[in-house]
Every structure is written in C-alpha cells, then in structure tokens.
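Undergrad: Dropping in data-v4.cif, which is mmCIF, C-alpha atoms and all ligand atoms:
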```
data_coords
loop_
_atom_site.label_atom_id
_atom_site.label_comp_id
_atom_site.auth_asym_id
_atom_site.auth_seq_id
_atom_site.Cartn_x
_atom_site.Cartn_y
_atom_site.Cartn_z
CA MET A 133 142.08 77.44 123.11
CA PRO A 134 139.39 75.18 124.62
CA LEU A 135 136.19 76.81 125.77
CA PRO A 136 135.93 77.12 129.59
CA LEU A 137 133.50 74.70 131.22
CA GLU A 138 129.91 75.50 132.03
CA GLN A 139 129.33 76.23 135.73
CA ALA A 140 126.26 76.11 137.93
CA ILE A 141 126.07 77.93 141.26
CA GLU A 142 123.38 77.33 143.83
CA VAL A 143 122.48 80.68 145.36
CA GLY A 144 120.73 80.52 148.73
CA HIS A 145 122.56 82.92 151.02
CA SER A 146 124.07 86.34 150.65
CA ALA A 147 127.54 84.77 150.87
CA ASP A 148 126.81 82.98 147.57
CA VAL A 149 126.46 86.31 145.77
CA ALA A 150 130.18 87.02 145.99
CA VAL A 151 131.03 83.49 144.84
CA ALA A 152 128.78 83.79 141.80
CA ARG A 153 130.21 87.19 141.03
CA ARG A 154 133.76 85.85 141.09
CA VAL A 155 132.93 82.87 138.88
CA ALA A 156 131.18 85.15 136.39
CA ARG A 157 134.10 87.53 136.18
CA GLU A 158 136.65 84.73 135.75
CA LEU A 159 134.65 83.10 132.98
CA ALA A 160 134.10 86.40 131.21
CA ALA A 161 137.82 87.17 131.32
CA ALA A 162 138.74 83.64 130.14
CA LEU A 163 136.44 84.08 127.14
CA GLY A 164 138.18 87.29 126.14
CA ILE A 165 135.51 89.77 127.20
CA ASP A 166 137.17 93.15 127.79
CA LEU A 167 137.63 94.65 131.26
CA HIS A 168 134.63 96.91 130.98
CA GLY A 169 132.49 93.99 129.84
CA CYS A 170 133.77 91.87 132.76
CA ASP A 171 132.60 94.61 135.13
CA ASP A 172 129.17 94.54 133.49
CA VAL A 173 128.96 90.76 133.81
CA ALA A 174 129.99 90.89 137.49
CA LEU A 175 127.43 93.58 138.26
CA VAL A 176 124.63 91.74 136.45
CA THR A 177 125.51 88.53 138.30
CA SER A 178 125.31 90.37 141.64
CA GLU A 179 121.87 91.72 140.72
CA LEU A 180 120.54 88.34 139.66
CA ALA A 181 122.07 86.50 142.64
CA SER A 182 120.82 89.10 145.15
CA ASN A 183 117.33 88.82 143.69
CA LEU A 184 117.41 85.05 144.11
CA VAL A 185 118.42 85.37 147.78
CA ARG A 186 116.01 88.16 148.66
CA HIS A 187 112.91 87.38 146.67
CA ALA A 188 112.88 83.84 145.35
CA GLY A 189 113.99 81.82 148.36
CA GLY A 190 117.14 80.88 146.46
CA GLY A 191 117.77 79.49 143.01
CA LYS A 192 120.44 78.62 140.53
CA LEU A 193 122.75 80.62 138.28
CA LEU A 194 124.04 78.85 135.21
CA PHE A 195 127.09 80.19 133.37
CA VAL A 196 127.40 78.83 129.83
CA PRO A 197 130.34 79.75 127.58
CA LEU A 198 129.11 80.19 124.01
CA SER A 199 131.00 79.71 120.79
CA THR A 200 129.69 80.28 117.27
CA PRO A 201 131.76 80.42 114.08
CA SER A 202 131.75 84.21 114.30
CA ARG A 203 131.99 85.00 118.00
CA GLN A 204 132.28 83.90 121.61
CA GLY A 205 130.30 84.98 124.61
CA LEU A 206 128.95 84.17 128.03
CA GLN A 207 125.35 83.21 128.75
CA ILE A 208 123.98 83.65 132.26
CA GLU A 209 120.74 81.97 133.27
CA SER A 210 118.85 82.61 136.49
CA ILE A 211 116.39 79.88 137.44
CA ASP A 212 114.19 79.76 140.51
CA ALA A 213 110.91 78.39 141.79
CA GLY A 214 109.88 81.60 143.57
CA PRO A 215 106.79 83.79 143.10
CA GLY A 216 107.81 85.18 139.72
CA ILE A 217 107.62 88.76 138.41
CA PRO A 218 104.00 89.73 137.73
CA CYS A 219 104.84 92.91 135.85
CA VAL A 220 108.01 92.58 133.81
CA ASN A 221 107.30 95.81 131.92
CA GLN A 222 107.34 97.78 135.13
CA ALA A 223 110.38 95.96 136.44
CA LEU A 224 112.28 97.01 133.31
CA THR A 225 111.40 100.66 133.78
CA ASP A 226 114.18 102.78 135.18
CA GLY A 227 113.32 104.55 138.37
CA TYR A 228 110.49 102.13 139.10
CA SER A 229 110.94 100.83 142.61
CA SER A 230 110.35 97.14 142.61
CA ALA A 231 111.71 96.64 146.10
CA GLY A 232 110.39 93.36 147.39
CA SER A 233 110.27 91.90 143.91
CA LEU A 234 112.53 89.73 141.83
CA GLY A 235 112.27 92.39 139.14
CA ASN A 236 114.76 94.59 140.95
CA GLY A 237 117.49 95.86 138.63
CA LEU A 238 116.25 94.11 135.48
CA GLY A 239 116.48 97.38 133.54
CA ALA A 240 120.19 97.42 134.35
CA VAL A 241 120.58 93.80 133.29
CA ASN A 242 119.05 94.64 129.89
CA ARG A 243 121.27 97.70 129.51
CA LEU A 244 124.52 96.04 130.55
CA MET A 245 124.14 92.78 128.62
CA ASP A 246 123.90 92.32 124.84
CA GLU A 247 120.85 90.08 124.92
CA PHE A 248 118.15 89.60 127.51
CA GLU A 249 115.10 87.34 127.65
CA ILE A 250 112.65 86.53 130.37
CA ALA A 251 110.04 83.79 130.24
CA PRO A 252 106.46 85.08 130.55
CA TYR A 253 104.97 85.17 134.03
CA SER A 254 103.27 81.91 134.90
CA GLY A 255 102.94 82.33 138.65
CA GLN A 256 105.64 79.81 139.35
CA GLY A 257 109.29 80.51 139.11
CA THR A 258 111.32 82.77 136.87
CA HIS A 259 113.74 81.97 134.07
CA ILE A 260 116.00 84.78 132.88
CA VAL A 261 118.57 84.35 130.11
CA CYS A 262 121.13 87.01 129.21
CA ARG A 263 124.27 87.05 127.10
CA LYS A 264 127.41 89.11 126.67
CA TRP A 265 129.45 88.74 123.49
CA VAL A 266 133.15 89.36 123.02
CA ARG A 267 133.62 92.63 121.20
CA SER A 268 135.61 92.07 118.02
CA ILE A 269 138.82 94.02 117.57
CA ARG A 270 138.96 93.52 113.82
CA LEU A 271 140.73 96.43 112.21
CA SER A 272 139.92 98.02 108.91
CA LEU A 273 142.75 98.92 106.59
CA ARG A 274 140.60 101.36 104.69
CA PRO A 275 139.74 104.71 106.21
CA CYS A 276 136.03 105.44 106.38
CA PRO A 277 134.93 106.41 102.86
CA PHE A 278 131.73 108.10 104.04
CA GLU A 279 130.67 111.33 105.55
CA VAL A 280 127.55 111.71 107.64
CA GLY A 281 125.52 114.86 108.20
CA VAL A 282 122.55 115.41 110.49
CA ALA A 283 120.14 118.30 110.87
CA THR A 284 117.51 118.19 113.59
CA ARG A 285 115.29 120.61 115.46
CA PRO A 286 112.31 120.40 117.86
CA LYS A 287 108.72 121.31 117.05
CA GLN A 288 108.18 125.08 116.98
CA GLY A 289 107.84 126.47 120.53
CA PHE A 290 109.42 123.44 122.21
CA ASP A 291 112.85 123.31 123.86
CA GLN A 292 113.22 119.56 123.89
CA ASN A 293 113.53 117.52 120.75
CA GLY A 294 111.52 114.29 120.54
CA ASP A 295 113.66 113.17 117.60
CA ASP A 296 117.14 111.78 118.02
CA PHE A 297 119.80 110.12 115.89
CA VAL A 298 122.59 107.56 116.17
CA LEU A 299 126.06 107.65 114.66
CA LYS A 300 128.77 105.14 115.47
CA GLN A 301 131.87 104.12 113.52
CA TRP A 302 134.16 101.20 114.23
CA ALA A 303 136.39 98.71 112.40
CA GLY A 304 135.06 98.90 108.85
CA ASN A 305 131.51 99.75 109.85
CA THR A 306 129.28 102.78 110.17
CA LEU A 307 125.97 102.62 112.02
CA VAL A 308 123.45 105.42 111.59
CA GLY A 309 119.86 105.80 112.68
CA VAL A 310 116.97 108.19 113.11
CA ILE A 311 114.59 107.85 116.07
CA ASP A 312 111.29 109.63 116.63
CA GLY A 313 109.77 109.53 120.12
CA LEU A 314 105.96 109.46 120.06
CA GLY A 315 104.44 112.94 120.25
CA HIS A 316 106.78 115.78 121.19
CA GLY A 317 108.30 117.52 124.21
CA GLU A 318 109.91 115.96 127.24
CA HIS A 319 108.28 112.52 127.13
CA ALA A 320 109.09 112.06 123.47
CA HIS A 321 112.64 113.17 124.20
CA VAL A 322 113.02 110.59 126.99
CA ALA A 323 111.74 107.80 124.73
CA SER A 324 114.04 108.54 121.80
CA ARG A 325 117.05 109.18 124.05
CA THR A 326 116.51 105.86 125.83
CA ALA A 327 116.54 104.01 122.52
CA ARG A 328 119.59 105.96 121.35
CA ASN A 329 121.53 105.12 124.52
CA PHE A 330 120.75 101.44 124.15
CA VAL A 331 121.79 101.33 120.50
CA GLU A 332 124.99 103.29 121.08
CA SER A 333 126.11 101.03 123.91
CA HIS A 334 125.38 97.84 121.89
CA TYR A 335 126.36 99.07 118.44
CA GLU A 336 128.12 95.87 117.35
CA GLN A 337 125.11 93.63 117.87
CA PRO A 338 122.89 92.47 114.98
CA LEU A 339 120.06 94.85 114.07
CA THR A 340 117.38 92.49 115.40
CA SER A 341 119.12 92.45 118.80
CA LEU A 342 119.36 96.25 118.80
CA PHE A 343 115.62 96.59 118.18
CA HIS A 344 114.78 93.92 120.77
CA GLY A 345 116.95 95.48 123.49
CA ALA A 346 115.87 99.04 122.70
CA GLY A 347 112.28 97.85 122.91
CA LEU A 348 112.83 96.44 126.39
CA ALA A 349 114.70 99.58 127.47
CA CYS A 350 111.85 101.77 126.18
CA GLN A 351 109.09 99.96 128.05
CA GLY A 352 107.77 102.50 130.49
CA THR A 353 108.44 105.30 128.01
CA ARG A 354 105.99 106.40 125.34
CA GLY A 355 107.92 104.43 122.78
CA CYS A 356 109.44 105.52 119.50
CA VAL A 357 109.87 104.59 115.88
CA MET A 358 113.38 103.88 114.63
CA ALA A 359 115.34 103.10 111.48
CA LEU A 360 118.93 101.82 111.63
CA ALA A 361 121.42 101.28 108.82
CA VAL A 362 124.81 99.54 109.12
CA PHE A 363 127.42 99.94 106.40
CA ASP A 364 130.26 97.51 105.84
CA TRP A 365 132.91 99.41 103.87
CA GLU A 366 134.92 96.36 102.87
CA ARG A 367 131.98 94.52 101.35
CA ASN A 368 130.16 97.62 100.03
CA ALA A 369 127.09 96.37 101.84
CA LEU A 370 124.26 98.01 103.70
CA SER A 371 121.96 96.34 106.26
CA PHE A 372 118.75 98.15 107.02
CA GLY A 373 116.07 97.62 109.66
CA SER A 374 113.10 99.74 110.61
CA VAL A 375 110.06 99.72 112.87
CA GLY A 376 107.46 102.44 112.34
CA ASN A 377 107.41 105.57 110.34
CA ILE A 378 110.94 106.72 109.50
CA GLU A 379 111.50 107.35 105.81
CA ALA A 380 114.58 106.01 104.05
CA ARG A 381 115.71 106.66 100.49
CA VAL A 382 118.78 105.75 98.51
CA ILE A 383 119.54 108.29 95.82
CA GLY A 384 121.84 107.72 92.85
CA SER A 385 121.73 103.93 92.72
CA SER A 386 121.63 102.27 89.28
CA THR A 387 119.25 99.64 90.65
CA PRO A 388 116.40 100.81 92.90
CA VAL A 389 116.94 100.11 96.61
CA ASN A 390 113.67 99.42 98.39
CA PHE A 391 113.37 99.09 102.15
CA MET A 392 110.64 97.13 103.87
CA VAL A 393 109.14 98.89 106.85
CA ARG A 394 107.41 97.18 109.75
CA ARG A 395 104.53 98.99 111.35
CA GLY A 396 104.92 99.15 115.10
CA ILE A 397 106.32 101.09 118.03
CA VAL A 398 109.62 100.30 119.74
CA GLY A 399 108.91 99.86 123.46
CA VAL A 400 105.16 99.39 123.05
CA ASN A 401 104.81 96.29 120.93
CA ALA A 402 107.73 93.93 120.43
CA THR A 403 107.61 94.12 116.64
CA PRO A 404 110.82 92.77 115.15
CA PRO A 405 112.23 94.86 112.30
CA HIS A 406 112.33 93.59 108.75
CA VAL A 407 116.10 93.49 108.19
CA SER A 408 117.33 93.56 104.60
CA GLU A 409 120.75 93.51 102.94
CA HIS A 410 121.64 95.72 99.99
CA GLU A 411 124.56 96.44 97.75
CA TRP A 412 126.03 99.88 98.37
CA GLN A 413 127.41 101.60 95.29
CA VAL A 414 130.02 104.34 95.40
CA GLY A 415 128.16 107.57 94.74
CA ASN A 416 124.94 106.49 96.46
CA MET A 417 123.40 108.75 99.05
CA LEU A 418 121.24 107.51 101.94
CA VAL A 419 118.62 109.89 103.31
CA LEU A 420 116.88 109.00 106.59
CA TYR A 421 114.22 111.33 107.96
CA SER A 422 111.48 111.53 110.55
CA ASP A 423 107.85 112.28 109.71
CA GLY A 424 108.37 115.92 110.73
CA VAL A 425 109.90 116.22 107.27
CA SER A 426 107.67 116.30 104.22
CA ALA A 427 107.88 113.11 102.18
CA ARG A 428 106.93 114.91 98.98
CA TRP A 429 110.22 115.92 97.38
CA HIS A 430 112.57 114.97 94.60
CA TRP A 431 116.32 115.21 94.76
CA GLN A 432 116.27 116.82 91.29
CA ASP A 433 114.49 119.81 92.85
CA PHE A 434 117.65 120.68 94.84
CA PRO A 435 120.36 121.25 92.21
CA GLN A 436 122.00 123.79 94.55
CA LEU A 437 122.84 120.93 96.96
CA LEU A 438 124.58 118.77 94.37
CA GLY A 439 128.22 118.16 95.32
CA LYS A 440 127.74 119.73 98.75
CA SER A 441 128.89 118.02 101.97
CA ALA A 442 126.56 115.73 103.92
CA PRO A 443 125.94 118.31 106.71
CA GLN A 444 125.18 121.01 104.13
CA ILE A 445 122.71 118.72 102.34
CA ALA A 446 121.02 117.78 105.63
CA GLN A 447 120.69 121.46 106.58
CA GLY A 448 119.45 122.46 103.15
CA LEU A 449 116.79 119.74 103.01
CA LEU A 450 115.64 120.38 106.59
CA ARG A 451 115.22 124.09 105.92
CA ALA A 452 113.11 123.39 102.84
CA LEU A 453 111.06 120.41 104.03
CA ALA A 454 110.59 120.48 107.85
CA LYS A 455 107.03 120.93 109.16
CA PRO A 456 106.67 123.45 112.03
CA ILE A 457 104.13 121.19 113.77
CA ASP A 458 106.56 118.36 114.54
CA ASP A 459 110.13 117.56 115.54
CA ALA A 460 112.16 117.11 112.38
CA THR A 461 115.38 115.24 111.59
CA ILE A 462 117.31 114.44 108.40
CA LEU A 463 120.42 112.27 108.29
CA ILE A 464 122.60 111.94 105.19
CA VAL A 465 125.30 109.36 104.39
CA LYS A 466 127.35 109.79 101.24
CA GLN A 467 130.80 109.34 99.82
CA ALA A 468 133.17 111.78 101.52
CA THR A 469 133.74 114.98 99.56
CA LEU A 470 137.50 115.37 99.27
MN MN B 501 107.28 112.90 114.47
#
```
As structure tokens, what does this structure read like?

TA:
Amino acid sequence: MPLPLEQAIEVGHSADVAVARRVARELAAALGIDLHGCDDVALVTSELASNLVRHAGGGKLLFVPLSTPSRQGLQIESIDAGPGIPCVNQALTDGYSSAGSLGNGLGAVNRLMDEFEIAPYSGQGTHIVCRKWVRSIRLSLRPCPFEVGVATRPKQGFDQNGDDFVLKQWAGNTLVGVIDGLGHGEHAHVASRTARNFVESHYEQPLTSLFHGAGLACQGTRGCVMALAVFDWERNALSFGSVGNIEARVIGSSTPVNFMVRRGIVGVNATPPHVSEHEWQVGNMLVLYSDGVSARWHWQDFPQLLGKSAPQIAQGLLRALAKPIDDATILIVKQATL
C-alpha cells in the first residue's frame, strides 16, 4: 500500500483548526494508527493549531507520513514566526497556566505522542516536531516464560512512596523498571509516578525515547532516577538502560552481565541512558533495586530463597536489606516456577 502524501495546512483562523484536525485524523487512520491513537493525534493537532491561531499570529502545520523498515508513523510539525516560548520547561509542566503563550498544552502533546522535540528558544518563531508510531500487533506464540515480583515500601514514617516500578507485557516482550523520585514523601512520589505513567503509556517505544519523553514529562517535578529493562522472549535478549542510581544485577549467568549506568536525573538534566543489549540465559535472575536497599549482599547468603517465586524473593530480600531511612524497592525477573 503506498504511503499517503505529505500535507501542509496554513493555520490562520479558528476555522482552520477543524480542518487540520480532520486531515490529521484521516492520515493517522490511513497509516494504520489505532482508534485511540487517532484520537490522540486529533487532540494534539487541535492544541497545536489553536496555539498558532491564538499566540503566534498563524503558522503552518506539516503532516508527514513516515515509513522505516520496521514501522510506520505520522510526524506533525508546527512552524510559526511568532514570539516563541521563553520557558519550555514551565510550559511542559502540568497544571502550569501558560494562558497567553504558545506553550499551552505542550505537556499533553508530549504525553499523547510517542516523540516530541522543540527547537530551543531563539526569540523568533517556534518549531515543534512530534511523532506517533503505529503500534505493532505482532503476536507471540510462546507464553511468557518469566515471572516478575516486586516488593516496595516508603521510608519509615511516610505514607507516600517516592519509589515506583513499571511492569508491562505484550507480544513477546516484558518491560520492567524501578524508579526513585528524588528525596521522599509527596514530591518524590509525584516525580516517580509521572515517569511511570509516561513509560507505561509508551511501552513499545525504544528505551532512549522512553527516557527522553519521561524526562520532558518530569520537568517541573523534582526528577527521578530510573532503570528500564526490556526482554524479548523469542530472541532470549535483554535491553537495558539506566540514568542515575538504580542498581541492577544478573544472577546465575555463565558469563558476567555488566550494565553501564549514566549519572544524571530524569527530568532535571536531559541525560540519555546508556542502552546495552545482552543475551538472556534460561535460569538467569534479574534484580533491580533502588538505593533504599543496601548494595552489600551476595545471593549465596540467601539459600532459603533458592527456588522460591519472584514475589517471595523480592519480599525476602527487601525485608533483609531495606534501609529505614529511605523508600525501598526490589524487582525480580526470573524463569517462571512451574
Ligand atoms: Mn532513594
């Protein structure tokens, strides 16, 4: 099937918003983006077009169908010669009222699209690029061979947990992650939950995109550190990416698995993760944990946990190793116990 043609829409009046919205939806549907995704694309187009009318004195929306060997998608560009957005960070913050600014609704654009970029403020004009990819409906013939267990609890005396975790399974893949919001209490909780929400609603995207988008979503929060791991069951492969201080260990592998960690804070500096690919051997166990868990331990010291289920191992390790002075989280991935 041939790719639909690129379209450009001049947006100068409020009547143009509906036109742009319709074109966006039709293109998204023609590319095979699902109904929910088409709604997202239409909403984002309305936001961008309304901003052009209200705050930039008009501009142009460019709709570019994308096709790579592995996927198709729709790119939307918003181009204007207006006053620009002096504070993009603030504009991306949810709840921040940027009425009277082109930055209106940019947080939503980042959340609803798979990729989002904005050229730095130069005082003249704004260029926004965002993309939505077609979600693959590849099916896996194998049932998930893993089990995942998580144990987490807040710092002593706190109700809210500044740690969070991610777990998502789809066609042949499992995505897990541990997130630690800076500090503890409510603000830490908001930071880690914001990152979690972004990752869970974009789970199919490459790890670098997940870190980039979560970073944008977390601007205006305290920020967090995060480690994500994606398993591909069919290829026995593991992709790992991390920014900041989340520990990761693979236990039981015949060849040592070493992860590279990038120093940084998601949402505070735009540090890209170091993403690495590893072979995953049957019988391996992945342990991810936040810094509220002591790093000084050996698996051999826990013979009572051998052969236990992933949740039991996570609980057992947390009980033995969590520090009372911090939120603590342990996530375990291992071969399912039958
Ligand atoms: Mn911590």

Undergrad: Can you pull out the residues contacting stretch 286-300 of chain A? Cut-off 7 Å, using only C-alpha atoms, and skip same-chain residues under 4 positions away; I want them as a list in words.

TA: Thr306, Leu307, Val308, Gly309, Val310, Ile311, Asp312, Gly313, His316, Gly317, Glu318, Ala320, His321, Ser324, Arg325, Arg328, Glu332, Pro456, Ile457, Asp458, Asp459, Ala460 and Thr461 of chain A

Undergrad: Nearest residue to ligand MN 501 (chain B) out of A:Gln222, A:Gln256, A:Gln436, A:Ser426, using all atoms listed in the file?

TA: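 Using all atoms listed in the file, the shortest distance to ligand MN 501 (chain B) belongs to A:Ser426.
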
Undergrad: Taking 4 positions as the minimum chain separation for residues in the same chain, which residues sit within 10 Å of stretch 212-217 of chain A when counting only C-alpha atoms? Answer as a list in words.

TA: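 The neighbour list is Val143, Leu184, His187, Ala188, Gly189, Gly190, Gly191, Lys192, Leu193, Asn221, Gln222, Ala223, Ser230, Ser233, Leu234, Gly235, Asn236, Ile250, Ala251, Pro252, Tyr253, Ser254, Gly255, Gln256, Gly257, Thr258, His259 and Ile260 of chain A.
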
Undergrad: Let me know the centre plus edge lengths, in Å and rounded to one decimal, of a box with edges along x, y and z that contains all listed atoms of stretch 431-448 of chain A and is padded by 8 Å on every side, as lines of an AutoDock Vina configuration file.

TA:
```
center_x = 121.7
center_y = 119.5
center_z = 99.0
size_x = 30.4
size_y = 24.6
size_z = 31.4
```

Undergrad: For the atom pair atom CA of A:Gly424 and atom CA of A:Asp364, what is the interatomic distance in Å to one decimal place?

TA: 29.0 Å

Undergrad: For A:Ser408, find every residue with an atom within 12 Å (counting only C-alpha atoms), except residues of its own chain fewer than 5 positions away, and show them as a JSON list (two decimals) with C-alpha atoms, keeping the file's coordinate frame.

TA:
```
[["chain", "number", "residue", "atom", "x", "y", "z"],
["A", 338, "PRO", "CA", 122.89, 92.47, 114.98],
["A", 339, "LEU", "CA", 120.06, 94.85, 114.07],
["A", 340, "THR", "CA", 117.38, 92.49, 115.40],
["A", 359, "ALA", "CA", 115.34, 103.10, 111.48],
["A", 360, "LEU", "CA", 118.93, 101.82, 111.63],
["A", 361, "ALA", "CA", 121.42, 101.28, 108.82],
["A", 362, "VAL", "CA", 124.81, 99.54, 109.12],
["A", 369, "ALA", "CA", 127.09, 96.37, 101.84],
["A", 370, "LEU", "CA", 124.26, 98.01, 103.70],
["A", 371, "SER", "CA", 121.96, 96.34, 106.26],
["A", 372, "PHE", "CA", 118.75, 98.15, 107.02],
["A", 373, "GLY", "CA", 116.07, 97.62, 109.66],
["A", 374, "SER", "CA", 113.10, 99.74, 110.61],
["A", 389, "VAL", "CA", 116.94, 100.11, 96.61],
["A", 390, "ASN", "CA", 113.67, 99.42, 98.39],
["A", 391, "PHE", "CA", 113.37, 99.09, 102.15],
["A", 392, "MET", "CA", 110.64, 97.13, 103.87],
["A", 393, "VAL", "CA", 109.14, 98.89, 106.85],
["A", 394, "ARG", "CA", 107.41, 97.18, 109.75]]
```

Undergrad: Smallest atom-to-atom distance to A:Glu142: which of A:Ala181, A:Ile208, A:Val375, A:Cys356, using all atoms listed in the file?

TA: A:Ala181

Undergrad: Quick one, how far is atom CA of A:Met417 from atom CA of A:Ile464?

TA: 7.0 Å

Undergrad: Grab the atom CA of A:Gln139 to atom CA of A:Glu209 distance for me, in Å with one decimal place.

TA: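 Separation of atom CA of A:Gln139 and atom CA of A:Glu209: 10.6 Å.
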
Undergrad: With distances taken over all atoms listed in the file, which residue among A:Leu450, A:Ala427, A:Ala156, A:Val465 lies nearest A:Ile141?

TA: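 Of A:Leu450, A:Ala427, A:Ala156, A:Val465, the one nearest A:Ile141 is A:Ala156, counting all atoms listed in the file.
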
Undergrad: Hey, which of A:Val331, A:Arg381, A:Pro136, A:Lys455 ends up closest to A:His430? Count only C-alpha atoms.

TA: A:Arg381

Undergrad: For a quick check of understanding, using all atoms listed in the file, which of A:Glu336, A:Glu366, A:Glu247, A:Asp148 has the smallest distance to A:Asn183?

TA: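 So, comparing all the options, the nearest one is A:Asp148.
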
Undergrad: Point out the residue among A:Gly144, A:Pro201, A:Gly281, A:Gly345 with the least atom-to-atom distance to A:Ile445, counting all atoms listed in the file.

TA: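 That would be A:Gly281, the residue with the smallest distance to A:Ile445.
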
Undergrad: Name the residues in contact with A:Pro275 at a cut-off of 12 Å, using only C-alpha atoms, excluding same-chain residues fewer than 5 positions from it; report them as a PyMOL selection string.

TA: chain A and resi 301-306+364-366+467-468

Undergrad: For A:Asn416, please output as a list in words all residues within 8 Å (counting only C-alpha atoms; exclusion window: fewer than 3 positions along the same chain).

TA: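 Listing them by chain and then by number gives Val382, Ile383, Gly384, Ser385, Trp412, Gln413, Lys466 and Gln467 of chain A.
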
Undergrad: Taking (120.1, 103.5, 125.5) in the file's coordinates as the center, which residues reach within 12 Å of it, counting all atoms listed in the file, put as a ChimeraX atom specification?

TA: /A:226,239-240,242-246,296-298,311,322-335,342-351,399

Undergrad: My structure is short of atoms at stretch 365-385 of chain A; please model N, CA and C atoms there, returning them as a short mmCIF file (atom, residue, chain, number, x, y, z; two decimals), keeping the file's coordinate frame.

TA:
```
data_model
loop_
_atom_site.label_atom_id
_atom_site.label_comp_id
_atom_site.auth_asym_id
_atom_site.auth_seq_id
_atom_site.Cartn_x
_atom_site.Cartn_y
_atom_site.Cartn_z
N TRP A 365 132.13 98.78 104.94
CA TRP A 365 132.91 99.41 103.87
C TRP A 365 133.62 98.39 103.00
N GLU A 366 134.10 97.32 103.62
CA GLU A 366 134.92 96.36 102.87
C GLU A 366 134.07 95.61 101.85
N ARG A 367 132.84 95.32 102.22
CA ARG A 367 131.98 94.52 101.35
C ARG A 367 131.03 95.40 100.53
N ASN A 368 131.11 96.71 100.70
CA ASN A 368 130.16 97.62 100.03
C ASN A 368 128.73 97.17 100.26
N ALA A 369 128.42 96.89 101.51
CA ALA A 369 127.09 96.37 101.84
C ALA A 369 126.40 97.26 102.85
N LEU A 370 125.09 97.23 102.80
CA LEU A 370 124.26 98.01 103.70
C LEU A 370 123.18 97.09 104.28
N SER A 371 123.07 97.04 105.62
CA SER A 371 121.96 96.34 106.26
C SER A 371 121.01 97.40 106.80
N PHE A 372 119.73 97.15 106.61
CA PHE A 372 118.75 98.15 107.02
C PHE A 372 117.63 97.47 107.80
N GLY A 373 117.21 98.12 108.89
CA GLY A 373 116.07 97.62 109.66
C GLY A 373 115.26 98.79 110.16
N SER A 374 113.94 98.62 110.22
CA SER A 374 113.10 99.74 110.61
C SER A 374 111.82 99.25 111.26
N VAL A 375 111.38 99.95 112.30
CA VAL A 375 110.06 99.72 112.87
C VAL A 375 109.36 101.08 112.96
N GLY A 376 108.22 101.20 112.29
CA GLY A 376 107.46 102.44 112.34
C GLY A 376 107.89 103.41 111.26
N ASN A 377 107.42 104.61 111.41
CA ASN A 377 107.41 105.57 110.34
C ASN A 377 108.65 106.47 110.28
N ILE A 378 109.77 105.91 109.86
CA ILE A 378 110.94 106.72 109.50
C ILE A 378 111.19 106.46 108.02
N GLU A 379 111.31 107.53 107.24
CA GLU A 379 111.50 107.35 105.81
C GLU A 379 112.97 107.11 105.49
N ALA A 380 113.21 106.27 104.50
CA ALA A 380 114.58 106.01 104.05
C ALA A 380 114.61 105.97 102.54
N ARG A 381 115.55 106.68 101.95
CA ARG A 381 115.71 106.66 100.49
C ARG A 381 117.17 106.52 100.14
N VAL A 382 117.43 105.77 99.09
CA VAL A 382 118.78 105.75 98.51
C VAL A 382 118.70 106.47 97.18
N ILE A 383 119.54 107.48 97.04
CA ILE A 383 119.54 108.29 95.82
C ILE A 383 120.81 107.99 95.03
N GLY A 384 120.67 107.87 93.72
CA GLY A 384 121.84 107.72 92.85
C GLY A 384 122.21 106.29 92.54
N SER A 385 121.40 105.32 92.98
CA SER A 385 121.73 103.93 92.72
C SER A 385 121.24 103.52 91.34
#
```
